[in-house]
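To be precise, the following lines are my_file_10.csv, and they hold CSV, C-alpha atoms.
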```csv
chain,number,residue,atom,x,y,z
F,297,GLN,CA,94.4,90.8,90.3
F,298,VAL,CA,94.8,89.5,86.7
F,299,GLN,CA,97.5,91.3,84.7
F,300,LEU,CA,98.5,90.7,81.1
F,301,VAL,CA,101.3,92.7,79.7
F,302,GLU,CA,102.2,92.5,76.0
F,303,SER,CA,105.6,93.3,74.6
F,304,GLY,CA,107.6,92.9,71.4
F,305,GLY,CA,105.7,95.2,69.1
F,306,GLY,CA,107.4,97.6,66.8
F,307,VAL,CA,108.1,98.6,63.2
F,308,VAL,CA,109.1,95.8,60.8
F,309,GLN,CA,109.5,95.5,57.1
F,310,PRO,CA,107.2,93.3,55.0
F,311,GLY,CA,108.4,89.7,54.9
F,312,ARG,CA,110.3,89.9,58.2
F,313,SER,CA,109.4,88.2,61.5
F,314,LEU,CA,108.5,89.5,65.0
F,315,LYS,CA,107.7,87.7,68.2
F,316,LEU,CA,105.2,89.0,70.7
F,317,SER,CA,105.2,88.1,74.4
F,318,CYS,CA,102.5,88.4,77.0
F,319,ALA,CA,103.5,88.2,80.7
F,320,ALA,CA,100.7,86.9,82.9
F,321,SER,CA,100.2,87.3,86.6
F,322,GLY,CA,97.6,87.2,89.3
F,323,PHE,CA,96.0,83.8,88.3
F,324,PRO,CA,97.1,80.2,87.7
F,325,PHE,CA,98.3,80.6,84.2
F,326,ARG,CA,98.5,76.9,83.4
F,327,SER,CA,94.8,76.6,84.1
F,328,TYR,CA,93.5,78.9,81.4
F,329,GLY,CA,93.4,79.0,77.6
F,330,MET,CA,94.9,82.1,76.0
F,331,GLN,CA,94.2,84.0,72.9
F,332,TRP,CA,95.5,86.8,70.6
F,333,VAL,CA,93.2,89.3,69.1
F,334,ARG,CA,94.2,92.2,66.9
F,335,GLN,CA,92.8,95.5,65.8
F,336,ALA,CA,94.0,97.5,62.8
F,337,PRO,CA,94.0,101.3,63.3
F,338,GLY,CA,90.4,102.6,63.3
F,339,LYS,CA,89.0,99.1,62.6
F,340,GLY,CA,87.2,96.4,64.5
F,341,LEU,CA,88.4,93.4,66.5
F,342,LYS,CA,89.8,90.4,64.6
F,343,TRP,CA,90.5,87.1,66.3
F,344,VAL,CA,94.0,85.7,65.6
F,345,ALA,CA,94.7,82.5,67.6
F,346,VAL,CA,93.9,80.4,70.6
F,347,ILE,CA,95.9,77.9,72.7
F,348,TRP,CA,94.4,75.5,75.3
F,349,ASN,CA,95.8,75.7,78.8
F,350,ASP,CA,98.1,72.7,78.3
F,351,GLY,CA,99.0,73.6,74.7
F,352,SER,CA,97.2,70.5,73.4
F,353,ASN,CA,95.1,72.5,70.9
F,354,ARG,CA,95.9,75.5,68.9
F,355,TYR,CA,93.7,77.2,66.3
F,356,TYR,CA,94.3,80.1,63.9
F,357,ALA,CA,92.4,82.6,61.8
F,358,ASP,CA,92.7,81.8,58.1
F,359,SER,CA,94.6,85.0,57.4
F,360,VAL,CA,97.5,84.0,59.7
F,361,LYS,CA,97.5,80.2,59.4
F,362,GLY,CA,100.9,79.0,58.3
F,363,ARG,CA,102.6,82.3,59.1
F,364,PHE,CA,101.9,82.8,62.9
F,365,ILE,CA,102.5,80.4,65.7
F,366,ILE,CA,100.9,80.7,69.1
F,367,SER,CA,102.8,79.0,72.0
F,368,ARG,CA,103.1,79.3,75.8
F,369,ASP,CA,105.6,78.6,78.6
F,370,ASN,CA,103.6,77.6,81.6
F,371,SER,CA,106.7,77.5,83.8
F,372,LYS,CA,107.2,81.2,83.0
F,373,ASN,CA,103.6,82.3,82.8
F,374,THR,CA,104.1,83.7,79.3
F,375,LEU,CA,102.2,83.5,76.1
F,376,PHE,CA,103.9,84.1,72.7
F,377,LEU,CA,103.0,84.9,69.1
F,378,GLN,CA,105.7,84.2,66.5
F,379,MET,CA,104.8,86.2,63.4
F,380,ASN,CA,106.6,85.3,60.2
F,381,SER,CA,106.3,86.6,56.6
F,382,LEU,CA,104.6,89.7,57.9
F,383,ARG,CA,102.4,91.7,55.6
F,384,VAL,CA,101.3,95.3,55.5
F,385,GLU,CA,97.8,94.1,56.5
F,386,ASP,CA,99.1,92.6,59.7
F,387,THR,CA,99.6,96.1,61.0
F,388,ALA,CA,97.5,96.3,64.2
F,389,VAL,CA,97.4,96.5,68.0
F,390,TYR,CA,97.8,93.0,69.2
F,391,TYR,CA,95.9,92.1,72.4
F,392,CYS,CA,96.6,89.1,74.6
F,393,ALA,CA,93.5,87.8,76.3
F,394,ARG,CA,92.8,85.1,78.9
F,395,SER,CA,90.0,82.7,78.3
F,396,SER,CA,87.3,82.2,80.9
F,397,ASP,CA,88.1,78.4,80.9
F,398,SER,CA,90.9,76.0,80.1
F,399,TRP,CA,90.0,76.0,76.4
F,400,GLY,CA,89.2,78.8,73.9
F,401,SER,CA,86.1,80.3,75.4
F,402,SER,CA,85.2,83.9,75.9
F,403,SER,CA,88.0,86.3,76.8
F,404,SER,CA,87.5,87.5,80.4
F,405,HIS,CA,90.7,89.5,80.7
F,406,TRP,CA,92.7,91.6,78.3
F,407,GLY,CA,96.0,93.3,78.1
F,408,GLN,CA,96.5,96.8,76.9
F,409,GLY,CA,97.9,95.7,73.6
F,410,THR,CA,101.2,96.2,71.7
F,411,LEU,CA,101.4,97.9,68.3
F,412,VAL,CA,102.9,96.1,65.3
F,413,SER,CA,103.5,98.2,62.2
F,414,VAL,CA,104.5,96.5,59.0
F,415,SER,CA,105.9,99.0,56.6
F,416,SER,CA,108.7,99.4,54.1
Q,93,GLU,CA,83.7,80.2,59.1
Q,94,ILE,CA,80.8,81.7,61.0
Q,95,VAL,CA,80.2,85.3,59.9
Q,96,LEU,CA,78.6,87.5,62.5
Q,97,THR,CA,76.6,90.5,61.3
Q,98,GLN,CA,75.7,93.2,63.8
Q,99,SER,CA,73.0,95.8,63.4
Q,100,PRO,CA,72.7,98.6,63.6
Q,101,GLY,CA,76.1,99.9,62.7
Q,102,THR,CA,75.6,103.0,64.8
Q,103,LEU,CA,73.0,103.7,67.5
Q,104,SER,CA,72.3,107.2,68.8
Q,105,LEU,CA,70.2,107.4,72.0
Q,106,SER,CA,69.5,109.6,74.9
Q,107,PRO,CA,70.4,109.0,78.6
Q,108,GLY,CA,67.8,106.8,80.2
Q,109,GLU,CA,66.8,105.1,77.0
Q,110,ARG,CA,67.3,101.4,76.1
Q,111,ALA,CA,69.8,100.2,73.5
Q,112,THR,CA,69.3,97.0,71.6
Q,113,VAL,CA,72.1,95.5,69.4
Q,114,SER,CA,71.5,92.5,67.2
Q,115,CYS,CA,74.1,89.9,66.2
Q,116,ARG,CA,73.1,87.4,63.5
Q,117,ALA,CA,75.3,84.4,62.7
Q,118,SER,CA,75.7,82.8,59.3
Q,119,ASP,CA,75.5,79.3,60.9
Q,120,THR,CA,74.2,77.9,64.2
Q,121,VAL,CA,76.3,78.9,67.2
Q,122,ASN,CA,76.4,75.7,69.2
Q,123,SER,CA,75.9,75.7,73.0
Q,124,ARG,CA,75.1,79.4,72.8
Q,125,TYR,CA,78.9,80.1,72.7
Q,126,LEU,CA,78.5,83.8,72.1
Q,127,ALA,CA,80.0,86.7,74.0
Q,128,TRP,CA,79.5,90.5,74.0
Q,129,TYR,CA,82.3,93.0,74.6
Q,130,GLN,CA,82.4,96.7,75.2
Q,131,GLN,CA,85.3,98.8,74.0
Q,132,LYS,CA,85.5,102.4,75.1
Q,133,PRO,CA,87.7,104.9,73.2
Q,134,GLY,CA,91.4,104.2,73.8
Q,135,GLN,CA,90.8,101.1,75.9
Q,136,ALA,CA,91.1,97.4,75.6
Q,137,PRO,CA,87.8,95.4,75.1
Q,138,LYS,CA,85.9,94.3,78.2
Q,139,LEU,CA,83.8,91.2,78.5
Q,140,LEU,CA,80.1,91.9,79.3
Q,141,ILE,CA,78.2,88.8,78.5
Q,142,TYR,CA,79.4,85.2,77.8
Q,143,ASP,CA,77.5,82.0,76.9
Q,144,ALA,CA,74.9,84.3,75.3
Q,145,SER,CA,73.2,85.4,78.5
Q,146,ARG,CA,75.6,85.2,81.5
Q,147,ARG,CA,76.9,88.5,82.8
Q,148,ALA,CA,80.6,88.6,83.4
Q,149,THR,CA,81.9,89.5,86.9
Q,150,GLY,CA,81.2,93.0,88.0
Q,151,ILE,CA,78.9,93.8,85.1
Q,152,PRO,CA,75.7,95.7,86.2
Q,153,ASP,CA,72.3,94.1,85.5
Q,154,ARG,CA,71.5,96.9,83.1
Q,155,PHE,CA,73.3,94.7,80.6
Q,156,SER,CA,71.6,91.6,79.4
Q,157,GLY,CA,72.1,89.1,76.6
Q,158,SER,CA,69.6,86.7,75.0
Q,159,GLY,CA,69.2,84.5,72.0
Q,160,SER,CA,70.3,81.1,70.6
Q,161,GLY,CA,71.0,79.5,67.3
Q,162,THR,CA,71.7,82.3,64.8
Q,163,ASP,CA,70.1,85.3,66.5
Q,164,PHE,CA,71.4,87.1,69.5
Q,165,THR,CA,70.7,90.4,71.2
Q,166,LEU,CA,72.5,92.6,73.7
Q,167,THR,CA,70.2,95.0,75.6
Q,168,ILE,CA,71.5,97.9,77.7
Q,169,ASN,CA,68.9,99.6,79.9
Q,170,ARG,CA,69.0,103.0,81.5
Q,171,LEU,CA,71.7,104.4,79.3
Q,172,GLY,CA,74.3,106.7,80.8
Q,173,PRO,CA,77.2,108.7,79.3
Q,174,GLU,CA,79.5,106.0,80.5
Q,175,ASP,CA,78.0,103.6,77.9
Q,176,LEU,CA,79.6,105.4,75.0
Q,177,ALA,CA,81.5,102.6,73.3
Q,178,VAL,CA,81.7,100.2,70.5
Q,179,TYR,CA,80.0,96.8,71.2
Q,180,TYR,CA,81.2,93.6,69.6
Q,181,CYS,CA,79.7,90.1,69.5
Q,182,GLN,CA,82.0,87.1,69.2
Q,183,GLN,CA,81.3,83.4,68.7
Q,184,TYR,CA,83.6,80.7,70.1
Q,185,SER,CA,81.5,77.8,69.0
Q,186,MET,CA,83.8,76.9,66.1
Q,187,SER,CA,87.2,77.9,65.0
Q,188,PRO,CA,88.0,80.3,63.6
Q,189,TYR,CA,86.4,82.3,66.3
Q,190,THR,CA,84.9,85.4,64.8
Q,191,PHE,CA,83.8,88.9,65.8
Q,192,GLY,CA,81.0,91.0,64.5
Q,193,GLN,CA,82.0,94.3,62.8
Q,194,GLY,CA,80.9,96.3,65.9
Q,195,THR,CA,78.1,98.7,66.8
Q,196,LYS,CA,79.0,102.2,67.8
Q,197,LEU,CA,76.7,103.5,70.6
Q,198,GLU,CA,76.5,107.3,70.8
Q,199,ILE,CA,74.9,109.1,73.7
Q,200,LYS,CA,73.0,112.3,72.7
```

Let's see the structure in the file written out as structure tokens.
Amino acid sequence: QVQLVESGGGVVQPGRSLKLSCAASGFPFRSYGMQWVRQAPGKGLKWVAVIWNDGSNRYYADSVKGRFIISRDNSKNTLFLQMNSLRVEDTAVYYCARSSDSWGSSSSHWGQGTLVSVSS
Amino acid sequence: EIVLTQSPGTLSLSPGERATVSCRASDTVNSRYLAWYQQKPGQAPKLLIYDASRRATGIPDRFSGSGSGTDFTLTINRLGPEDLAVYYCQQYSMSPYTFGQGTKLEIK
């Protein structure tokens, strides 16, 4: 069965960096687009970024563009999110999600999330 | 950016009733690239509907989606206690992909 396991979250000071990982299993990772979605405490879902199955296309939310980088290693079935210049408002649970297709379509499978807390 | 506005914000209904959630887009959602998700307390979201009206794998036919252009609807028939959740629409027609603010469904 499809499994997505996020890691790398934690407490970090404003302005610092953090890198999230998402280990995928149970499906041909290189065949599917992947996305990151976040949820601030008590708030709604916010889309963060998407990457096509082959890494040929990447798109970002305006709030993270220029600070976050989505990438993937198809040889290791792993998705990444490099988060730089972190802000207090980046505090959230970050979910890794698998697209339904090779591109950035609907998210058919989700991980359980990893919490990122940005605080001084 | 396409802004999605859901209504109502909160819905309180009794078991057996029907829930209707609206999602209005600020611009046309091409190819009906709109999805609905269910998020139960303490859980990750779950895909219910994709491409506006296609049920995801394993989703009961009590859940249905409709609409096109800028107006979309999620309908849940025969409500049960297990439907207590927040429901979100999302468009993936154009980047940045966006979510609606969510509709909280309460079961009386």

Nearest candidate to chain F (options Q:Gln135, Q:Ser158, Q:Thr112, Q:Gln98; using all atoms listed in the file):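 Among the listed residues, Q:Gln135 lies closest to chain F.
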
Fewer than 3 positions away in the same chain doesn't count, so skip those; otherwise give me all residues within 9 Å of stretch 192-200 of chain Q, counting all atoms listed in the file, as a PyMOL selection string. (chain F and resi 339-342) or (chain Q and resi 95-107+111+113+115-117+171-183)

Could you take the residues named above and write them with C-alpha atoms, as a PDB file, keeping the file's coordinate frame?
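Output file out_7.pdb is given in full below:
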```pdb
ATOM      1  CA  LYS F 339      89.000  99.100  62.600  1.00  0.00           C
ATOM      2  CA  GLY F 340      87.200  96.400  64.500  1.00  0.00           C
ATOM      3  CA  LEU F 341      88.400  93.400  66.500  1.00  0.00           C
ATOM      4  CA  LYS F 342      89.800  90.400  64.600  1.00  0.00           C
TER       5      LYS F 342
ATOM      6  CA  VAL Q  95      80.200  85.300  59.900  1.00  0.00           C
ATOM      7  CA  LEU Q  96      78.600  87.500  62.500  1.00  0.00           C
ATOM      8  CA  THR Q  97      76.600  90.500  61.300  1.00  0.00           C
ATOM      9  CA  GLN Q  98      75.700  93.200  63.800  1.00  0.00           C
ATOM     10  CA  SER Q  99      73.000  95.800  63.400  1.00  0.00           C
ATOM     11  CA  PRO Q 100      72.700  98.600  63.600  1.00  0.00           C
ATOM     12  CA  GLY Q 101      76.100  99.900  62.700  1.00  0.00           C
ATOM     13  CA  THR Q 102      75.600 103.000  64.800  1.00  0.00           C
ATOM     14  CA  LEU Q 103      73.000 103.700  67.500  1.00  0.00           C
ATOM     15  CA  SER Q 104      72.300 107.200  68.800  1.00  0.00           C
ATOM     16  CA  LEU Q 105      70.200 107.400  72.000  1.00  0.00           C
ATOM     17  CA  SER Q 106      69.500 109.600  74.900  1.00  0.00           C
ATOM     18  CA  PRO Q 107      70.400 109.000  78.600  1.00  0.00           C
ATOM     19  CA  ALA Q 111      69.800 100.200  73.500  1.00  0.00           C
ATOM     20  CA  VAL Q 113      72.100  95.500  69.400  1.00  0.00           C
ATOM     21  CA  CYS Q 115      74.100  89.900  66.200  1.00  0.00           C
ATOM     22  CA  ARG Q 116      73.100  87.400  63.500  1.00  0.00           C
ATOM     23  CA  ALA Q 117      75.300  84.400  62.700  1.00  0.00           C
ATOM     24  CA  LEU Q 171      71.700 104.400  79.300  1.00  0.00           C
ATOM     25  CA  GLY Q 172      74.300 106.700  80.800  1.00  0.00           C
ATOM     26  CA  PRO Q 173      77.200 108.700  79.300  1.00  0.00           C
ATOM     27  CA  GLU Q 174      79.500 106.000  80.500  1.00  0.00           C
ATOM     28  CA  ASP Q 175      78.000 103.600  77.900  1.00  0.00           C
ATOM     29  CA  LEU Q 176      79.600 105.400  75.000  1.00  0.00           C
ATOM     30  CA  ALA Q 177      81.500 102.600  73.300  1.00  0.00           C
ATOM     31  CA  VAL Q 178      81.700 100.200  70.500  1.00  0.00           C
ATOM     32  CA  TYR Q 179      80.000  96.800  71.200  1.00  0.00           C
ATOM     33  CA  TYR Q 180      81.200  93.600  69.600  1.00  0.00           C
ATOM     34  CA  CYS Q 181      79.700  90.100  69.500  1.00  0.00           C
ATOM     35  CA  GLN Q 182      82.000  87.100  69.200  1.00  0.00           C
ATOM     36  CA  GLN Q 183      81.300  83.400  68.700  1.00  0.00           C
TER      37      GLN Q 183
END
```

Using all atoms listed in the file, find which residues of chain Q lie within 10 Å of chain F and jot them down as an NGL selection string. :Q and (93 or 125-129 or 131 or 134-143 or 148-149 or 178-195)

Can you write out the residues you just picked, keeping C-alpha atoms, as a PDB file, in the frame of the given file?
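Done, and the output landed in result_36.pdb:
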```pdb
ATOM      1  CA  GLU Q  93      83.700  80.200  59.100  1.00  0.00           C
ATOM      2  CA  TYR Q 125      78.900  80.100  72.700  1.00  0.00           C
ATOM      3  CA  LEU Q 126      78.500  83.800  72.100  1.00  0.00           C
ATOM      4  CA  ALA Q 127      80.000  86.700  74.000  1.00  0.00           C
ATOM      5  CA  TRP Q 128      79.500  90.500  74.000  1.00  0.00           C
ATOM      6  CA  TYR Q 129      82.300  93.000  74.600  1.00  0.00           C
ATOM      7  CA  GLN Q 131      85.300  98.800  74.000  1.00  0.00           C
ATOM      8  CA  GLY Q 134      91.400 104.200  73.800  1.00  0.00           C
ATOM      9  CA  GLN Q 135      90.800 101.100  75.900  1.00  0.00           C
ATOM     10  CA  ALA Q 136      91.100  97.400  75.600  1.00  0.00           C
ATOM     11  CA  PRO Q 137      87.800  95.400  75.100  1.00  0.00           C
ATOM     12  CA  LYS Q 138      85.900  94.300  78.200  1.00  0.00           C
ATOM     13  CA  LEU Q 139      83.800  91.200  78.500  1.00  0.00           C
ATOM     14  CA  LEU Q 140      80.100  91.900  79.300  1.00  0.00           C
ATOM     15  CA  ILE Q 141      78.200  88.800  78.500  1.00  0.00           C
ATOM     16  CA  TYR Q 142      79.400  85.200  77.800  1.00  0.00           C
ATOM     17  CA  ASP Q 143      77.500  82.000  76.900  1.00  0.00           C
ATOM     18  CA  ALA Q 148      80.600  88.600  83.400  1.00  0.00           C
ATOM     19  CA  THR Q 149      81.900  89.500  86.900  1.00  0.00           C
ATOM     20  CA  VAL Q 178      81.700 100.200  70.500  1.00  0.00           C
ATOM     21  CA  TYR Q 179      80.000  96.800  71.200  1.00  0.00           C
ATOM     22  CA  TYR Q 180      81.200  93.600  69.600  1.00  0.00           C
ATOM     23  CA  CYS Q 181      79.700  90.100  69.500  1.00  0.00           C
ATOM     24  CA  GLN Q 182      82.000  87.100  69.200  1.00  0.00           C
ATOM     25  CA  GLN Q 183      81.300  83.400  68.700  1.00  0.00           C
ATOM     26  CA  TYR Q 184      83.600  80.700  70.100  1.00  0.00           C
ATOM     27  CA  SER Q 185      81.500  77.800  69.000  1.00  0.00           C
ATOM     28  CA  MET Q 186      83.800  76.900  66.100  1.00  0.00           C
ATOM     29  CA  SER Q 187      87.200  77.900  65.000  1.00  0.00           C
ATOM     30  CA  PRO Q 188      88.000  80.300  63.600  1.00  0.00           C
ATOM     31  CA  TYR Q 189      86.400  82.300  66.300  1.00  0.00           C
ATOM     32  CA  THR Q 190      84.900  85.400  64.800  1.00  0.00           C
ATOM     33  CA  PHE Q 191      83.800  88.900  65.800  1.00  0.00           C
ATOM     34  CA  GLY Q 192      81.000  91.000  64.500  1.00  0.00           C
ATOM     35  CA  GLN Q 193      82.000  94.300  62.800  1.00  0.00           C
ATOM     36  CA  GLY Q 194      80.900  96.300  65.900  1.00  0.00           C
ATOM     37  CA  THR Q 195      78.100  98.700  66.800  1.00  0.00           C
TER      38      THR Q 195
END
```

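Atom CA of F:Gly338 is positioned 13.7 Å from atom CA of F:Asp386.
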
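You will find atom CA of F:Thr374 at 25.6 Å from atom CA of Q:Gln130.
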
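The two atoms in question, atom CA of F:Leu316 and atom CA of F:Met379, are spaced 7.8 Å apart.
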
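The neighbours of F:Asn370 here are the residues that come within 10 Å of it, using all atoms listed in the file and leaving out any residue fewer than 4 positions away in the same chain; they are Ala320, Pro324, Phe325, Arg326, Ser327, Asn349, Asp350, Gly351, Thr374 and Leu375 of chain F.
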
Check the smallest atom-to-atom distance from each of F:Ser415, F:Asn380, F:Ser367, F:Asn373 to F:Leu314 using all atoms listed in the file, then report the winner.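 Between F:Ser415, F:Asn380, F:Ser367, F:Asn373, the residue approaching F:Leu314 most closely is F:Asn380.
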
Counting only C-alpha atoms, the residue among F:Gln331, F:Lys315, F:Val307, F:Gly322 that lies closest to F:Ser398 is F:Gln331
